[in-house]
$ cat data27.tsv   # TSV, C-alpha atoms
chain	number	residue	atom	x	y	z
A	1	MET	CA	-2.13	29.65	34.78
A	2	LYS	CA	-4.67	31.43	32.58
A	3	ARG	CA	-2.96	29.97	29.52
A	4	GLN	CA	-3.21	26.47	31.04
A	5	ALA	CA	-6.89	26.99	31.79
A	6	ARG	CA	-7.50	28.15	28.22
A	7	LEU	CA	-5.66	25.10	26.84
A	8	LEU	CA	-7.67	22.78	29.08
A	9	ALA	CA	-10.92	24.45	27.97
A	10	LEU	CA	-9.85	24.12	24.34
A	11	ALA	CA	-8.99	20.45	24.81
A	12	ALA	CA	-12.35	19.82	26.50
A	13	ALA	CA	-14.18	21.58	23.67
A	14	MET	CA	-12.29	19.54	21.09
A	15	MET	CA	-13.15	16.32	22.89
A	16	ALA	CA	-16.80	17.35	23.13
A	17	CYS	CA	-16.87	18.09	19.40
A	18	GLY	CA	-15.01	14.89	18.47
A	19	THR	CA	-17.04	12.67	16.22
A	20	ALA	CA	-18.05	9.64	18.24
A	21	GLN	CA	-18.80	7.01	15.64
A	22	ALA	CA	-20.92	3.95	16.18
A	23	CYS	CA	-18.84	1.83	13.88
A	24	ARG	CA	-15.30	1.48	12.48
A	25	CYS	CA	-15.88	4.39	10.12
A	26	PRO	CA	-13.19	6.33	8.34
A	27	ALA	CA	-13.60	10.11	8.58
A	28	GLU	CA	-17.19	11.31	8.43
A	29	PRO	CA	-18.01	11.67	4.72
A	30	GLY	CA	-18.66	15.11	3.32
A	31	PRO	CA	-21.75	15.72	1.17
A	32	ALA	CA	-20.06	14.90	-2.14
A	33	ALA	CA	-18.57	11.62	-0.89
A	34	ALA	CA	-21.76	10.58	0.90
A	35	TYR	CA	-23.80	11.33	-2.24
A	36	ALA	CA	-21.38	9.45	-4.48
A	37	ARG	CA	-21.42	6.33	-2.29
A	38	ALA	CA	-25.20	6.20	-1.82
A	39	ALA	CA	-27.77	4.87	-4.25
A	40	GLY	CA	-30.20	7.52	-3.06
A	41	VAL	CA	-30.71	10.33	-0.57
A	42	LEU	CA	-33.91	11.36	1.16
A	43	THR	CA	-35.24	13.65	3.85
A	44	GLY	CA	-38.27	12.88	5.95
A	45	GLU	CA	-39.83	12.09	9.28
A	46	VAL	CA	-39.53	8.70	10.92
A	47	LEU	CA	-43.18	7.64	11.33
A	48	ARG	CA	-42.68	4.21	12.84
A	49	VAL	CA	-39.81	1.97	13.93
A	50	ASP	CA	-40.05	-1.83	14.05
A	51	ALA	CA	-37.36	-3.91	15.74
A	52	GLY	CA	-35.78	-6.75	13.82
A	53	THR	CA	-34.73	-10.20	14.91
A	54	TYR	CA	-31.37	-9.15	16.37
A	55	PRO	CA	-30.41	-6.24	18.62
A	56	GLY	CA	-29.87	-3.11	16.54
A	57	GLU	CA	-31.76	-4.45	13.55
A	58	GLN	CA	-34.60	-2.06	12.69
A	59	GLN	CA	-36.92	-1.07	9.89
A	60	ALA	CA	-38.23	2.46	9.83
A	61	LEU	CA	-41.19	3.83	7.94
A	62	VAL	CA	-40.17	7.27	6.70
A	63	GLY	CA	-42.58	9.94	5.52
A	64	VAL	CA	-40.44	11.20	2.66
A	65	GLU	CA	-40.32	14.91	1.96
A	66	ARG	CA	-37.59	15.12	-0.66
A	67	ALA	CA	-35.44	12.65	-2.58
A	68	TRP	CA	-32.35	12.73	-4.77
A	69	LYS	CA	-30.79	10.21	-7.12
A	70	LEU	CA	-33.39	7.47	-6.53
A	71	PRO	CA	-37.21	7.57	-6.82
A	72	VAL	CA	-38.88	6.55	-3.54
A	73	ASP	CA	-42.37	6.18	-2.12
A	74	SER	CA	-43.91	8.96	-0.05
A	75	GLU	CA	-43.95	6.47	2.81
A	76	GLN	CA	-40.80	4.43	2.45
A	77	TRP	CA	-39.40	1.59	4.56
A	78	VAL	CA	-35.69	1.89	5.29
A	79	HIS	CA	-33.88	-1.06	6.87
A	80	THR	CA	-30.72	-1.26	8.94
A	81	ARG	CA	-28.80	-4.13	10.50
A	82	THR	CA	-25.39	-5.50	11.51
A	83	THR	CA	-23.07	-3.99	14.12
A	84	CYS	CA	-23.11	-0.82	11.99
A	85	ALA	CA	-26.89	-0.42	12.18
A	86	TYR	CA	-28.24	3.12	12.28
A	87	SER	CA	-30.48	3.83	15.27
A	88	PHE	CA	-33.89	5.23	14.27
A	89	THR	CA	-36.19	7.13	16.63
A	90	ALA	CA	-39.82	7.76	15.73
A	91	GLY	CA	-40.70	11.41	15.30
A	92	THR	CA	-37.23	12.54	14.22
A	93	HIS	CA	-36.61	14.34	10.94
A	94	LEU	CA	-33.57	12.94	9.13
A	95	LEU	CA	-31.34	13.20	6.12
A	96	LEU	CA	-30.70	9.61	5.05
A	97	TYR	CA	-28.24	8.12	2.57
A	98	VAL	CA	-29.43	4.71	1.39
A	99	PHE	CA	-28.46	1.77	-0.79
A	100	ARG	CA	-30.47	-1.13	-2.21
A	101	ASP	CA	-29.86	-4.67	-0.99
A	102	SER	CA	-30.26	-7.80	-3.11
A	103	GLN	CA	-33.98	-7.88	-2.24
A	104	GLN	CA	-34.27	-4.28	-3.52
A	105	ARG	CA	-35.02	-2.97	-0.02
A	106	LEU	CA	-33.52	0.35	1.00
A	107	GLN	CA	-30.80	-0.04	3.62
A	108	THR	CA	-28.67	2.40	5.58
A	109	ARG	CA	-25.74	2.26	8.02
A	110	VAL	CA	-24.18	4.65	10.51
A	111	CYS	CA	-21.15	5.55	8.41
A	112	MET	CA	-23.10	6.77	5.40
A	113	GLY	CA	-23.48	10.42	6.45
A	114	ASN	CA	-26.99	10.26	7.98
A	115	ARG	CA	-27.89	13.04	10.40
A	116	PRO	CA	-30.82	14.85	11.99
A	117	LEU	CA	-32.21	17.37	9.54
A	118	ASP	CA	-31.44	20.30	11.82
A	119	GLN	CA	-27.73	19.37	11.59
A	120	ALA	CA	-27.72	18.73	7.86
A	121	GLN	CA	-27.53	22.23	6.37
A	122	PRO	CA	-24.15	21.81	4.61
A	123	HIS	CA	-25.42	18.58	3.05
A	124	LEU	CA	-28.72	20.18	2.03
A	125	ASP	CA	-26.90	23.13	0.50
A	126	TRP	CA	-24.73	20.74	-1.49
A	127	LEU	CA	-27.76	18.71	-2.60
A	128	GLU	CA	-29.51	21.89	-3.75
A	129	ARG	CA	-26.53	22.77	-5.93
A	130	ARG	CA	-25.30	19.39	-7.13
A	131	GLY	CA	-27.84	16.68	-6.30
A	132	LYS	CA	-30.18	15.20	-8.90
A	133	PRO	CA	-33.75	15.51	-7.59
A	134	ALA	CA	-35.81	12.33	-7.78
A	135	PRO	CA	-39.59	11.88	-7.67
A	136	VAL	CA	-41.37	11.03	-4.43
A	137	GLY	CA	-44.21	8.74	-5.44
A	138	SER	CA	-47.56	8.15	-3.80
A	139	ARG	CA	-48.17	4.98	-1.86
F	140	MET	CA	-9.63	-25.74	11.11
F	141	GLY	CA	-9.88	-22.25	12.49
F	142	MET	CA	-11.56	-19.00	11.56
F	143	GLN	CA	-11.97	-19.04	7.80
F	144	ILE	CA	-11.33	-16.52	5.07
F	145	ASN	CA	-13.83	-16.52	2.22
F	146	ILE	CA	-11.89	-17.17	-0.98
F	147	GLY	CA	-14.92	-18.36	-2.93
F	148	ASP	CA	-15.69	-21.44	-0.84
F	149	HIS	CA	-18.46	-19.83	1.23
F	150	THR	CA	-21.80	-18.17	0.57
F	151	SER	CA	-22.59	-15.66	3.27
F	152	SER	CA	-26.09	-15.05	4.59
F	153	GLU	CA	-25.37	-11.32	4.34
F	154	ASP	CA	-25.75	-9.03	1.35
F	155	GLY	CA	-22.48	-8.00	-0.22
F	156	TYR	CA	-20.31	-10.31	1.91
F	157	ILE	CA	-18.24	-11.99	-0.78
F	158	ALA	CA	-14.93	-13.74	-1.42
F	159	PHE	CA	-11.70	-11.78	-1.13
F	160	PRO	CA	-10.36	-11.02	-4.58
F	161	ASN	CA	-6.92	-12.45	-5.35
F	162	HIS	CA	-5.07	-9.19	-4.83
F	163	ARG	CA	-6.47	-8.72	-1.29
F	164	ARG	CA	-5.92	-12.22	0.04
F	165	ALA	CA	-2.32	-11.74	1.13
F	166	ASP	CA	-3.24	-8.88	3.46
F	167	VAL	CA	-6.14	-10.65	5.17
F	168	ARG	CA	-4.06	-13.81	5.56
F	169	TRP	CA	-1.27	-11.70	7.08
F	170	ALA	CA	-3.83	-10.22	9.48
F	171	ARG	CA	-4.98	-13.70	10.55
F	172	VAL	CA	-1.38	-14.83	11.12
F	173	LYS	CA	-0.69	-11.66	13.12
F	174	ALA	CA	-3.86	-12.14	15.18
F	175	ARG	CA	-2.76	-15.69	16.01
F	176	TRP	CA	0.66	-14.37	17.02
F	177	ILE	CA	-1.00	-11.77	19.28
F	178	ALA	CA	-3.19	-14.42	20.90
F	179	ALA	CA	-0.15	-16.62	21.58
F	180	ALA	CA	2.33	-13.93	22.64
F	181	MET	CA	0.24	-11.31	24.44
F	182	PRO	CA	-1.66	-12.74	27.42
F	183	SER	CA	-3.60	-9.46	27.79
F	184	ALA	CA	-5.42	-10.22	24.52
F	185	ASN	CA	-7.01	-13.47	25.72
F	186	VAL	CA	-7.70	-11.97	29.16
F	187	TYR	CA	-9.53	-9.04	27.56
F	188	PHE	CA	-11.58	-11.15	25.14
F	189	ARG	CA	-12.57	-13.51	27.98
F	190	SER	CA	-14.00	-10.49	29.81
F	191	LEU	CA	-16.44	-9.77	26.94
F	192	PRO	CA	-20.06	-10.98	27.28
F	193	ASP	CA	-19.57	-14.39	25.61
F	194	GLY	CA	-16.50	-15.24	27.72
F	195	ARG	CA	-14.44	-16.50	24.76
F	196	THR	CA	-10.73	-15.85	24.36
F	197	LEU	CA	-9.17	-14.50	21.18
F	198	SER	CA	-7.58	-17.94	20.76
F	199	ASP	CA	-11.06	-19.54	20.98
F	200	LEU	CA	-12.39	-17.24	18.26
F	201	LEU	CA	-9.41	-17.78	15.95
F	202	ALA	CA	-9.89	-21.53	16.35
F	203	ASP	CA	-13.62	-21.35	15.54
F	204	GLY	CA	-14.27	-22.67	12.04
F	205	ARG	CA	-17.80	-21.28	12.07
F	206	ILE	CA	-16.47	-17.73	11.86
F	207	TRP	CA	-16.04	-16.46	8.31
F	208	VAL	CA	-14.15	-13.37	7.25
F	209	ASN	CA	-15.64	-11.98	4.06
F	210	TYR	CA	-14.78	-9.10	1.76
F	211	HIS	CA	-17.12	-6.20	1.01
F	212	ALA	CA	-16.44	-4.11	-2.07
F	213	THR	CA	-18.58	-1.04	-1.45
F	214	MET	CA	-19.50	-0.40	2.18
F	215	PRO	CA	-18.27	2.98	3.42
F	216	HIS	CA	-16.94	1.73	6.77
F	217	PHE	CA	-13.94	-0.46	7.56
F	218	GLY	CA	-15.84	-3.52	8.68
F	219	GLU	CA	-18.91	-4.98	10.32
F	220	THR	CA	-20.26	-8.20	11.79
F	221	ASN	CA	-23.70	-9.50	10.90
F	222	ARG	CA	-24.77	-9.13	14.54
F	223	VAL	CA	-23.36	-9.14	18.06
F	224	SER	CA	-22.09	-12.70	18.70
F	225	GLY	CA	-22.41	-13.29	14.96
F	226	THR	CA	-20.15	-15.43	12.80
F	227	GLU	CA	-20.15	-13.45	9.54
F	228	ILE	CA	-17.53	-10.70	9.45
F	229	ALA	CA	-16.98	-8.33	6.54
F	230	ILE	CA	-13.84	-6.32	5.88
F	231	SER	CA	-14.20	-3.61	3.30
F	232	GLU	CA	-12.22	-2.55	0.28
F	233	ARG	CA	-11.74	0.75	2.07
F	234	SER	CA	-10.02	-1.03	4.92
F	235	CYS	CA	-7.81	-2.95	2.48
F	236	LYS	CA	-6.89	0.27	0.69
F	237	VAL	CA	-5.59	1.84	3.90
F	238	GLY	CA	-3.33	-1.15	4.45
F	239	ARG	CA	-2.84	-4.43	6.28
F	240	TRP	CA	-2.57	-2.89	9.75
F	241	THR	CA	-6.05	-1.45	9.30
F	242	VAL	CA	-7.25	-4.87	8.09
F	243	LEU	CA	-5.77	-6.37	11.28
F	244	ALA	CA	-7.34	-3.68	13.48
F	245	THR	CA	-10.72	-4.18	11.82
F	246	LEU	CA	-10.45	-7.95	12.23
F	247	ILE	CA	-9.69	-7.60	15.96
F	248	HIS	CA	-12.56	-5.10	16.42
F	249	GLU	CA	-15.03	-7.38	14.62
F	250	LEU	CA	-13.85	-10.47	16.53
F	251	ALA	CA	-14.71	-8.56	19.70
F	252	HIS	CA	-18.27	-8.17	18.35
F	253	ALA	CA	-18.25	-11.90	17.56
F	254	ALA	CA	-17.35	-12.38	21.25
F	255	GLY	CA	-20.40	-10.40	22.35
F	256	ALA	CA	-19.12	-6.81	22.48
F	257	PRO	CA	-22.15	-4.61	21.94
F	258	GLY	CA	-22.38	-1.87	19.34
F	259	GLY	CA	-23.99	1.52	19.81
F	260	ASN	CA	-22.25	3.73	22.35
F	261	ASP	CA	-20.23	0.92	23.87
F	262	ARG	CA	-16.48	1.05	23.21
F	263	SER	CA	-15.43	-2.43	24.21
F	264	ALA	CA	-14.91	-3.68	20.63
F	265	GLU	CA	-12.43	-0.94	19.75
F	266	ARG	CA	-10.74	-1.21	23.13
F	267	ALA	CA	-9.82	-4.80	22.24
F	268	LEU	CA	-7.10	-3.21	20.10
F	269	LEU	CA	-5.42	-1.84	23.22
F	270	ALA	CA	-5.30	-5.28	24.79
F	271	CYS	CA	-3.74	-6.54	21.55
F	272	GLY	CA	-0.96	-3.94	21.55
F	273	LEU	CA	-2.42	-1.98	18.64
F	274	GLY	CA	-2.74	1.34	20.41
F	275	ARG	CA	-1.96	3.30	23.55
F	276	ALA	CA	-4.32	3.98	26.43
F	277	SER	CA	-2.98	7.54	26.47
F	278	GLU	CA	-4.84	8.14	23.20
F	279	ASP	CA	-8.04	8.19	25.25
F	280	GLN	CA	-6.80	11.37	26.93
F	281	HIS	CA	-4.68	12.97	24.23
F	282	GLY	CA	-6.57	12.02	21.08
F	283	ASP	CA	-5.92	9.63	18.23
F	284	ASP	CA	-2.31	8.84	17.37
F	285	ALA	CA	-2.28	8.24	13.63
F	286	ASN	CA	0.71	5.95	14.08
F	287	THR	CA	-1.42	3.30	15.81
F	288	PRO	CA	-4.47	1.47	14.42
F	289	TYR	CA	-6.49	2.17	17.60
F	290	ASN	CA	-8.92	5.06	17.28
F	291	PRO	CA	-10.37	6.39	20.55
F	292	ASN	CA	-13.20	8.12	18.65
F	293	ILE	CA	-14.66	4.83	17.51
F	294	GLN	CA	-17.61	3.47	19.44
F	295	GLY	CA	-19.62	0.40	18.68

$ encode --input "data27.tsv" --output "structure tokens"
Amino acid sequence: MKRQARLLALAAAMMACGTAQACRCPAEPGPAAAYARAAGVLTGEVLRVDAGTYPGEQQALVGVERAWKLPVDSEQWVHTRTTCAYSFTAGTHLLLYVFRDSQQRLQTRVCMGNRPLDQAQPHLDWLERRGKPAPVGSR
Amino acid sequence: MGMQINIGDHTSSEDGYIAFPNHRRADVRWARVKARWIAAAMPSANVYFRSLPDGRTLSDLLADGRIWVNYHATMPHFGETNRVSGTEIAISERSCKVGRWTVLATLIHELAHAAGAPGGNDRSAERALLACGLGRASEDQHGDDANTPYNPNIQG
């Protein structure tokens, strides 16, 4: 009976820890894969969120603290759209992996490895060791 | 004319949504044939799709020439649709690399979005795979079975 209870508790914990993805993502990318796939990486606070034309479409103004791989502005707009749009909330501190679209805007999606900064320590550790720091310009 | 595959005869409104390269066309065509077979042979598929917000069956969607299936070379996920109830679907190189059953599963999932299934925390797009015989409901309780394309951890 105790063994059954332990197994049930373990199963419940595994389900609670299961990665619920907001898109048809393969496995959550580790820091190296997320870095390799992105054009740039940044950390910062979401200062403002504007809704786009369609549900889920957003553009977020991010107060950038640090950047890797790609120079960015100190206040940088990051866009997201499609059914794989990332959901921004003003006031949150994030680690964001971004790419440039054909209009040279920075874009992101849910499957890119983005996460709240307080859950990003393994990624930050990797970036400290292996990432190429990029300048954060004034705006 | 039904749902169309971009082989260079379509310019998508979306960034990076391009024509399938020659070596990927057989798999996406196979997926379209298989989806048509599912719509014709499995009544649960049309019943499920009709229950989605736009009220369209899988057969309706597969017969809709406004819907384009594009290829995406670099996106990290398996597929996406330009918006809920949109008509521009992208299937990624990553999806193609896993194999044609993943291409089929991604196509069914994205067609559910084209039929109005929301993204975010909603699971109705991925659950379309169950109605199409591409997974088992028991996976919701016991976790993902790698032998089926359905993935109970996928939302949106």

$ interface_residues --input "data27.tsv" --of "chain F" --to "chain A" --cutoff "6 Å" --atoms "only C-alpha atoms" --output "list of chain:residue names"
F:His216, F:Phe217, F:Glu219, F:Thr220, F:Asn221, F:Arg222, F:Gly258, F:Gly259, F:Asn292, F:Ile293, F:Gln294, F:Gly295

$ closest_residue --input "data27.tsv" --among "A:Asp50, A:Leu96, A:Gln107, A:Pro135" --to "Pro31 in chain A" --atoms "all atoms listed in the file"
A:Leu96

$ atom_distance --input "data27.tsv" --atom1 "CA of Thr196 in chain F" --atom2 "CA of Ala184 in chain F"
7.7 Å

$ residues_around --input "data27.tsv" --residues "Ala60 in chain A" --least-positions-apart "2" --cutoff "9 Å" --atoms "all atoms listed in the file" --output "VMD selection string"
chain A and resid 46 to 51 58 62 76 to 80 88 to 90

$ residues_around --input "data27.tsv" --residues "Ala253 in chain F" --least-positions-apart "6" --cutoff "6 Å" --atoms "all atoms listed in the file" --output "list in words"
Val223, Ser224 and Gly225 of chain F

$ residues_near_point --input "data27.tsv" --point "(-34.1, 9.8, -2.3)" --cutoff "8 Å" --atoms "only C-alpha atoms" --output "PDB file with C-alpha atoms, in the frame of the given file"
ATOM      1  CA  GLY A  40     -30.200   7.520  -3.060  1.00  0.00           C
ATOM      2  CA  VAL A  41     -30.710  10.330  -0.570  1.00  0.00           C
ATOM      3  CA  LEU A  42     -33.910  11.360   1.160  1.00  0.00           C
ATOM      4  CA  THR A  43     -35.240  13.650   3.850  1.00  0.00           C
ATOM      5  CA  ARG A  66     -37.590  15.120  -0.660  1.00  0.00           C
ATOM      6  CA  ALA A  67     -35.440  12.650  -2.580  1.00  0.00           C
ATOM      7  CA  TRP A  68     -32.350  12.730  -4.770  1.00  0.00           C
ATOM      8  CA  LYS A  69     -30.790  10.210  -7.120  1.00  0.00           C
ATOM      9  CA  LEU A  70     -33.390   7.470  -6.530  1.00  0.00           C
ATOM     10  CA  PRO A  71     -37.210   7.570  -6.820  1.00  0.00           C
ATOM     11  CA  VAL A  72     -38.880   6.550  -3.540  1.00  0.00           C
ATOM     12  CA  TYR A  97     -28.240   8.120   2.570  1.00  0.00           C
ATOM     13  CA  VAL A  98     -29.430   4.710   1.390  1.00  0.00           C
ATOM     14  CA  PRO A 133     -33.750  15.510  -7.590  1.00  0.00           C
ATOM     15  CA  ALA A 134     -35.810  12.330  -7.780  1.00  0.00           C
ATOM     16  CA  PRO A 135     -39.590  11.880  -7.670  1.00  0.00           C
ATOM     17  CA  VAL A 136     -41.370  11.030  -4.430  1.00  0.00           C
TER      18      VAL A 136
END

$ atom_distance --input "data27.tsv" --atom1 "CA of Tyr35 in chain A" --atom2 "CA of Glu153 in chain F"
23.6 Å

$ atom_distance --input "data27.tsv" --atom1 "CA of His211 in chain F" --atom2 "CA of Thr241 in chain F"
14.6 Å

$ axis_aligned_box --input "data27.tsv" --around "range 89-97 of chain A" --padding-each-side "8 Å" --output "JSON"
{"center_x": -34.5, "center_y": 10.7, "center_z": 9.6, "size_x": 28.5, "size_y": 23.2, "size_z": 30.1}

$ residues_around --input "data27.tsv" --residues "Tyr156 in chain F" --least-positions-apart "3" --cutoff "12 Å" --atoms "all atoms listed in the file" --output "number ranges by chain"
A: 82, 101-102; F: 144-147, 149-153, 159-160, 207-214, 218-221, 227-232

$ residues_around --input "data27.tsv" --residues "range 250-252 of chain F" --least-positions-apart "3" --cutoff "7 Å" --atoms "only C-alpha atoms" --output "MDAnalysis selection string"
chainID F and resid 188 220 223:224 246:247 255:257 264 267

$ decode --input "data27.tsv" --residues "range 98-116 of chain A" --atoms "N, CA and C atoms" --output "PDB file, in the first residue's frame"
ATOM      1  N   VAL A  98      16.209  35.183 -29.779  1.00  0.00           N
ATOM      2  CA  VAL A  98      15.508  35.917 -30.843  1.00  0.00           C
ATOM      3  C   VAL A  98      16.122  35.620 -32.211  1.00  0.00           C
ATOM      4  N   PHE A  99      15.337  35.906 -33.244  1.00  0.00           N
ATOM      5  CA  PHE A  99      15.846  35.869 -34.620  1.00  0.00           C
ATOM      6  C   PHE A  99      15.350  37.106 -35.344  1.00  0.00           C
ATOM      7  N   ARG A 100      15.973  37.440 -36.456  1.00  0.00           N
ATOM      8  CA  ARG A 100      15.544  38.599 -37.248  1.00  0.00           C
ATOM      9  C   ARG A 100      14.612  38.143 -38.357  1.00  0.00           C
ATOM     10  N   ASP A 101      13.533  38.896 -38.570  1.00  0.00           N
ATOM     11  CA  ASP A 101      12.664  38.586 -39.709  1.00  0.00           C
ATOM     12  C   ASP A 101      13.124  39.381 -40.928  1.00  0.00           C
ATOM     13  N   SER A 102      12.391  39.271 -42.025  1.00  0.00           N
ATOM     14  CA  SER A 102      12.842  39.902 -43.268  1.00  0.00           C
ATOM     15  C   SER A 102      12.815  41.425 -43.182  1.00  0.00           C
ATOM     16  N   GLN A 103      12.053  41.953 -42.199  1.00  0.00           N
ATOM     17  CA  GLN A 103      12.059  43.411 -41.992  1.00  0.00           C
ATOM     18  C   GLN A 103      13.083  43.813 -40.929  1.00  0.00           C
ATOM     19  N   GLN A 104      13.934  42.879 -40.559  1.00  0.00           N
ATOM     20  CA  GLN A 104      15.016  43.111 -39.587  1.00  0.00           C
ATOM     21  C   GLN A 104      14.502  43.353 -38.164  1.00  0.00           C
ATOM     22  N   ARG A 105      13.230  43.030 -37.920  1.00  0.00           N
ATOM     23  CA  ARG A 105      12.709  43.113 -36.553  1.00  0.00           C
ATOM     24  C   ARG A 105      13.137  41.873 -35.791  1.00  0.00           C
ATOM     25  N   LEU A 106      13.286  42.011 -34.466  1.00  0.00           N
ATOM     26  CA  LEU A 106      13.578  40.838 -33.655  1.00  0.00           C
ATOM     27  C   LEU A 106      12.281  40.108 -33.357  1.00  0.00           C
ATOM     28  N   GLN A 107      12.304  38.801 -33.544  1.00  0.00           N
ATOM     29  CA  GLN A 107      11.134  37.948 -33.316  1.00  0.00           C
ATOM     30  C   GLN A 107      11.506  36.846 -32.333  1.00  0.00           C
ATOM     31  N   THR A 108      10.520  36.315 -31.645  1.00  0.00           N
ATOM     32  CA  THR A 108      10.736  35.129 -30.830  1.00  0.00           C
ATOM     33  C   THR A 108       9.501  34.235 -30.882  1.00  0.00           C
ATOM     34  N   ARG A 109       9.668  32.982 -30.476  1.00  0.00           N
ATOM     35  CA  ARG A 109       8.577  32.005 -30.423  1.00  0.00           C
ATOM     36  C   ARG A 109       8.719  31.170 -29.156  1.00  0.00           C
ATOM     37  N   VAL A 110       7.677  30.431 -28.827  1.00  0.00           N
ATOM     38  CA  VAL A 110       7.694  29.675 -27.574  1.00  0.00           C
ATOM     39  C   VAL A 110       8.753  28.573 -27.531  1.00  0.00           C
ATOM     40  N   CYS A 111       9.083  28.002 -28.664  1.00  0.00           N
ATOM     41  CA  CYS A 111       9.962  26.817 -28.633  1.00  0.00           C
ATOM     42  C   CYS A 111      11.442  27.171 -28.642  1.00  0.00           C
ATOM     43  N   MET A 112      11.773  28.428 -28.468  1.00  0.00           N
ATOM     44  CA  MET A 112      13.166  28.836 -28.657  1.00  0.00           C
ATOM     45  C   MET A 112      14.015  28.726 -27.398  1.00  0.00           C
ATOM     46  N   GLY A 113      13.391  28.430 -26.258  1.00  0.00           N
ATOM     47  CA  GLY A 113      14.170  28.313 -25.019  1.00  0.00           C
ATOM     48  C   GLY A 113      13.964  29.474 -24.061  1.00  0.00           C
ATOM     49  N   ASN A 114      13.048  30.401 -24.393  1.00  0.00           N
ATOM     50  CA  ASN A 114      12.776  31.559 -23.524  1.00  0.00           C
ATOM     51  C   ASN A 114      12.302  31.108 -22.152  1.00  0.00           C
ATOM     52  N   ARG A 115      12.611  31.881 -21.134  1.00  0.00           N
ATOM     53  CA  ARG A 115      12.150  31.548 -19.777  1.00  0.00           C
ATOM     54  C   ARG A 115      12.308  32.746 -18.866  1.00  0.00           C
ATOM     55  N   PRO A 116      11.524  32.758 -17.759  1.00  0.00           N
ATOM     56  CA  PRO A 116      11.733  33.804 -16.755  1.00  0.00           C
ATOM     57  C   PRO A 116      13.168  33.737 -16.242  1.00  0.00           C
TER      58      PRO A 116
END
